[in-house]
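Undergrad: So that we are looking at the same thing, I have put the structure below in structure tokens.
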Amino acid sequence: MKIDMFCEMIKPKEFFGEGQEHTLFLETLAQAQLADELGYGCWWQVEHHAAPQFSYSSAPELMLTAIARSTRQMRVGHSAVLAPVRINHPLRIAERAAFLDHLSEGRLELGLARASVPEWRVFGIEPDDARRQLQQAFEMIPKMWTQERFSWSSPDFTIKDATVVPKPVQKPHPRLWQAAVTPSGFAQAGRNGVGVLLTTIATPIEAVVEMLGVYRGEIQRCQPVGETVNDQVALFTFVHCAETEREAIEHGAAAAAAWYINMVFTFFEAREVMTRTIDEMAAAVSRDPDSPLAAYARLAAQKAALPKSPLTSMLDRMMAGEPVSNEEVYETLTADAAVIIGDVASCRKKMQRYQDVGIDRLMCFQQLGHLPHEHIMKSIRLVGEHLIPVFDPK
């Protein structure tokens, strides 16, 4: 299992004084350079727009270019380009990605995504258009990279006899990925023959395993959109490694992760839906551990009144401004392997669960919330020195 880095470029407003926006850029570059030195597999950079606090990564291709030119071996991954045409035209995605593949000496990984409700609103996108245009982008971009002249005709795009340059360094082209959080997204990625980028925010590992089954089933009979099939699964989760468990708690890494989860609910404007989903998943796993997705589907259809899970109860209290101790947040979040926070031994044990269920790449989200740069750098170093040799021996 490859150990990667995942970056949102994130900072809570209460920790964002004069000059801190620029400092965030410099710290991100320093973290990437250290990750490269320690043997991390890939640096994954997200794309979000008009998302203060939640993500300052509004031009990830520029940050990835800076990282590519200041590192030697780590791959650079866009996770993921927002594919609706009002945000990124497929031809521009193909051009920029190929350009970055050159500047990185052939180290690019390219993911695509539908974007989100607030971004659809900012750019004037109809939700029904997003998935259709995402699919077309997947089908168009590999052809733009590999065909001398390219044409396409659909209600969304008309391109006639265009020569798209440059072509990528990697042959036949860089690996393609799709960001997915639902069974339908996993199925689409599998049908396309592309890798899947998934998140574990409040998702029990048992449900992750089932969604991987959906993906594996589809990819076995896929008609790949590209010249090759990418059947890898990359999973994003919170990671903070310290010398001792007590140090990890005192750093407030779990509290930073909880703050981020609340920010996800806020940014995506779906707090009620997401908190109910967490409660349904928690109930489903307890009722039917062998098939939590089936149990979840039944609970969702019933619209049953469910008790709040410990996680959603705690998140509600934090959102209301109630003080919650670092110890309580740590105990609540680390009850499941979805959050990897602790000393080297406990982080290794939780990472092992993901390797055991077939995860190919673990995208470690370490630049969390209010965590100081020095604590992030220490975590990056501990993972690099003690855990990468275990999971990805060279």
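In the structure tokens, the first chain shown is A, the next is B, and so on; residue numbers restart at 1 for each chain, and ligands run from 1 in the order shown.
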Env of Gly106 of chain A: 8 Å cut, atoms = only C-alpha atoms, seq-sep filter 3 positions within chain, self excluded. Answer as a list in words.

TA: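 The neighbour list is Asp101, His102, Leu103, Pro168, Val169, Gln170 and Pro174 of chain A.
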
Undergrad: Output N, CA and C atoms for every residue in that selection, as a PDB file, in the first residue's frame.

TA:
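Generated output (out08.pdb):
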ATOM      1  N   ASP A 101       2.305  17.332 -16.739  1.00  0.00           N
ATOM      2  CA  ASP A 101       3.028  16.068 -16.885  1.00  0.00           C
ATOM      3  C   ASP A 101       4.449  16.321 -17.380  1.00  0.00           C
ATOM      4  N   HIS A 102       4.600  17.295 -18.277  1.00  0.00           N
ATOM      5  CA  HIS A 102       5.948  17.667 -18.726  1.00  0.00           C
ATOM      6  C   HIS A 102       6.754  18.291 -17.585  1.00  0.00           C
ATOM      7  N   LEU A 103       6.153  19.248 -16.894  1.00  0.00           N
ATOM      8  CA  LEU A 103       6.885  19.963 -15.856  1.00  0.00           C
ATOM      9  C   LEU A 103       7.229  19.066 -14.670  1.00  0.00           C
ATOM     10  N   PRO A 168       0.977  14.361 -23.383  1.00  0.00           N
ATOM     11  CA  PRO A 168       1.661  14.037 -22.127  1.00  0.00           C
ATOM     12  C   PRO A 168       2.986  13.317 -22.352  1.00  0.00           C
ATOM     13  N   VAL A 169       3.839  13.371 -21.334  1.00  0.00           N
ATOM     14  CA  VAL A 169       5.083  12.599 -21.339  1.00  0.00           C
ATOM     15  C   VAL A 169       4.774  11.115 -21.169  1.00  0.00           C
ATOM     16  N   GLN A 170       3.880  10.790 -20.227  1.00  0.00           N
ATOM     17  CA  GLN A 170       3.552   9.393 -19.957  1.00  0.00           C
ATOM     18  C   GLN A 170       2.790   8.799 -21.140  1.00  0.00           C
ATOM     19  N   PRO A 174      -1.335   9.775 -18.707  1.00  0.00           N
ATOM     20  CA  PRO A 174      -1.377   9.638 -17.243  1.00  0.00           C
ATOM     21  C   PRO A 174      -2.579   8.820 -16.776  1.00  0.00           C
TER      22      PRO A 174
END

Undergrad: Report as a ChimeraX atom specification all protein, DNA and RNA residues lying within 12 Å of Ala338 of chain A, evaluated on only C-alpha atoms, omitting residues in the same chain fewer than 2 positions from it.

TA: /A:198-208,235-239,254,257,332-336,340-341,347,349-354,362,364-365

Undergrad: Got time to write the residues from that selection, C-alpha atoms, as a short mmCIF file (atom, residue, chain, number, x, y, z; two decimals), in the first residue's frame?

TA:
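Ended up saving to result.cif:
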data_model
loop_
_atom_site.label_atom_id
_atom_site.label_comp_id
_atom_site.auth_asym_id
_atom_site.auth_seq_id
_atom_site.Cartn_x
_atom_site.Cartn_y
_atom_site.Cartn_z
CA LEU A 198 -12.76 7.84 -1.87
CA THR A 199 -13.25 9.40 1.54
CA THR A 200 -13.92 7.75 4.88
CA ILE A 201 -15.56 10.70 6.64
CA ALA A 202 -17.83 8.91 9.12
CA THR A 203 -18.00 5.84 6.86
CA PRO A 204 -17.45 2.51 8.67
CA ILE A 205 -14.77 0.35 7.11
CA GLU A 206 -17.40 -2.38 6.58
CA ALA A 207 -19.31 -0.05 4.24
CA VAL A 208 -16.09 0.89 2.44
CA LEU A 235 -8.61 6.29 0.19
CA PHE A 236 -8.51 9.65 2.00
CA THR A 237 -8.55 9.83 5.78
CA PHE A 238 -7.28 11.96 8.66
CA VAL A 239 -3.80 11.06 9.88
CA ALA A 254 -8.88 14.87 16.70
CA ALA A 257 -10.55 16.60 12.33
CA THR A 332 -15.14 9.53 19.92
CA LEU A 333 -13.32 9.83 16.60
CA THR A 334 -10.80 7.05 17.14
CA ALA A 335 -13.46 4.49 18.07
CA ASP A 336 -13.29 3.42 14.40
CA ILE A 340 -5.78 7.45 12.16
CA ILE A 341 -4.53 9.49 15.10
CA CYS A 347 -1.39 4.40 13.54
CA LYS A 349 -2.57 -0.92 13.42
CA LYS A 350 -5.26 1.26 11.84
CA MET A 351 -3.42 1.60 8.54
CA GLN A 352 -3.09 -2.17 8.44
CA ARG A 353 -6.90 -2.53 8.38
CA TYR A 354 -7.04 -0.55 5.15
CA LEU A 362 -3.71 5.73 1.59
CA CYS A 364 -3.03 10.93 4.50
CA PHE A 365 -4.77 14.21 5.33
#

Undergrad: Using DSSP assignments from the backbone, pull out every residue in segment 132-295 of chain A that falls under helix (DSSP H, G or I) and give it to me as a PyMOL selection string.

TA: chain A and resi 132-146+183-192+205-219+245-251+253-267+271-287+292-295

Undergrad: Please determine, counting only C-alpha atoms, which residue among A:Gln45, A:Thr158, A:Asn326, A:Gln33 has the shortest atom-to-atom distance to Met363 of chain A.

TA: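 Going through A:Gln45, A:Thr158, A:Asn326, A:Gln33 one by one, the smallest distance to Met363 of chain A is for A:Gln45.
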
Undergrad: Could you list, as JSON, numbers by chain, every residue within 10 Å of segment 258-266 of chain A, counting only C-alpha atoms and ignoring same-chain residues fewer than 5 positions away?

TA: {"A": [10, 11, 12, 51, 53, 54, 55, 201, 202, 238, 252, 253, 271, 272, 273, 274, 275, 311, 312, 314, 315, 316, 318, 319, 329, 330, 332, 333, 368, 369, 370]}

Undergrad: Name the residues of segment 7-234 of chain A that come out as strand (DSSP E) in a backbone DSSP run; write them as a count of residues only.

TA: 41

Undergrad: Residues at most 6 Å from segment 176-181 of chain A, counting only C-alpha atoms, excluding those fewer than 4 positions away in the same chain, as a VMD selection string?

TA: chain A and resid 110 to 113 185 to 186 189 194 to 198

Undergrad: Could you please take those selected residues and save N, CA and C atoms as a tab-separated table (two decimals), in the first residue's frame?

TA:
chain	number	residue	atom	x	y	z
A	110	LEU	N	-4.25	12.14	-12.69
A	110	LEU	CA	-5.35	13.08	-12.94
A	110	LEU	C	-6.69	12.50	-12.52
A	111	GLY	N	-7.35	13.17	-11.58
A	111	GLY	CA	-8.69	12.79	-11.17
A	111	GLY	C	-9.71	13.80	-11.64
A	112	LEU	N	-10.96	13.36	-11.79
A	112	LEU	CA	-12.07	14.23	-12.17
A	112	LEU	C	-13.21	14.06	-11.17
A	113	ALA	N	-14.00	15.14	-11.01
A	113	ALA	CA	-15.14	15.10	-10.09
A	113	ALA	C	-16.26	15.98	-10.62
A	185	GLY	N	-21.32	6.40	-7.69
A	185	GLY	CA	-20.04	6.94	-8.13
A	185	GLY	C	-18.99	5.86	-8.28
A	186	PHE	N	-18.98	4.89	-7.36
A	186	PHE	CA	-18.06	3.76	-7.47
A	186	PHE	C	-18.34	2.96	-8.73
A	189	ALA	N	-17.06	4.86	-11.82
A	189	ALA	CA	-15.61	4.76	-11.94
A	189	ALA	C	-15.20	3.38	-12.46
A	194	VAL	N	-11.37	3.51	-14.50
A	194	VAL	CA	-10.46	4.46	-13.87
A	194	VAL	C	-10.35	4.16	-12.38
A	195	GLY	N	-9.28	4.64	-11.76
A	195	GLY	CA	-9.12	4.48	-10.33
A	195	GLY	C	-10.16	5.27	-9.57
A	196	VAL	N	-10.38	4.88	-8.32
A	196	VAL	CA	-11.38	5.58	-7.51
A	196	VAL	C	-10.72	6.25	-6.32
A	197	LEU	N	-11.09	7.51	-6.10
A	197	LEU	CA	-10.63	8.31	-4.97
A	197	LEU	C	-11.79	8.41	-3.98
A	198	LEU	N	-11.63	7.87	-2.78
A	198	LEU	CA	-12.76	7.84	-1.87
A	198	LEU	C	-12.39	8.41	-0.51

Undergrad: For Ser325 of chain A, which of A:Ala255, A:Val344, A:Gln366, A:Arg175 is the closest residue, counting only C-alpha atoms?

TA: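 Smallest distance to Ser325 of chain A is found for A:Ala255.
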
Undergrad: Which neighbours of Ala66 of chain A fall inside 12 Å, counting only C-alpha atoms, when residues of the same chain fewer than 3 positions from it are skipped, and could you give them as a PyMOL selection string?

TA: chain A and resi 25-26+28-30+32-33+43+45+59-63+69-72+76+100+103-104

Undergrad: Would you work out the distance separating atom CA of Val233 of chain A from atom CA of Arg86 of chain A, expressed in Å to one decimal?

TA: 28.3 Å

Undergrad: Can you measure atom CA of Gly19 of chain A to atom CA of Arg381 of chain A for me? One decimal in Å is fine.

TA: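 Straight-line distance from atom CA of Gly19 of chain A to atom CA of Arg381 of chain A works out to 26.2 Å.
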
Undergrad: Closest to Gly41 of chain A among A:Asp4, A:Glu218, A:Glu126, A:Glu21, using only C-alpha atoms?

TA: A:Asp4
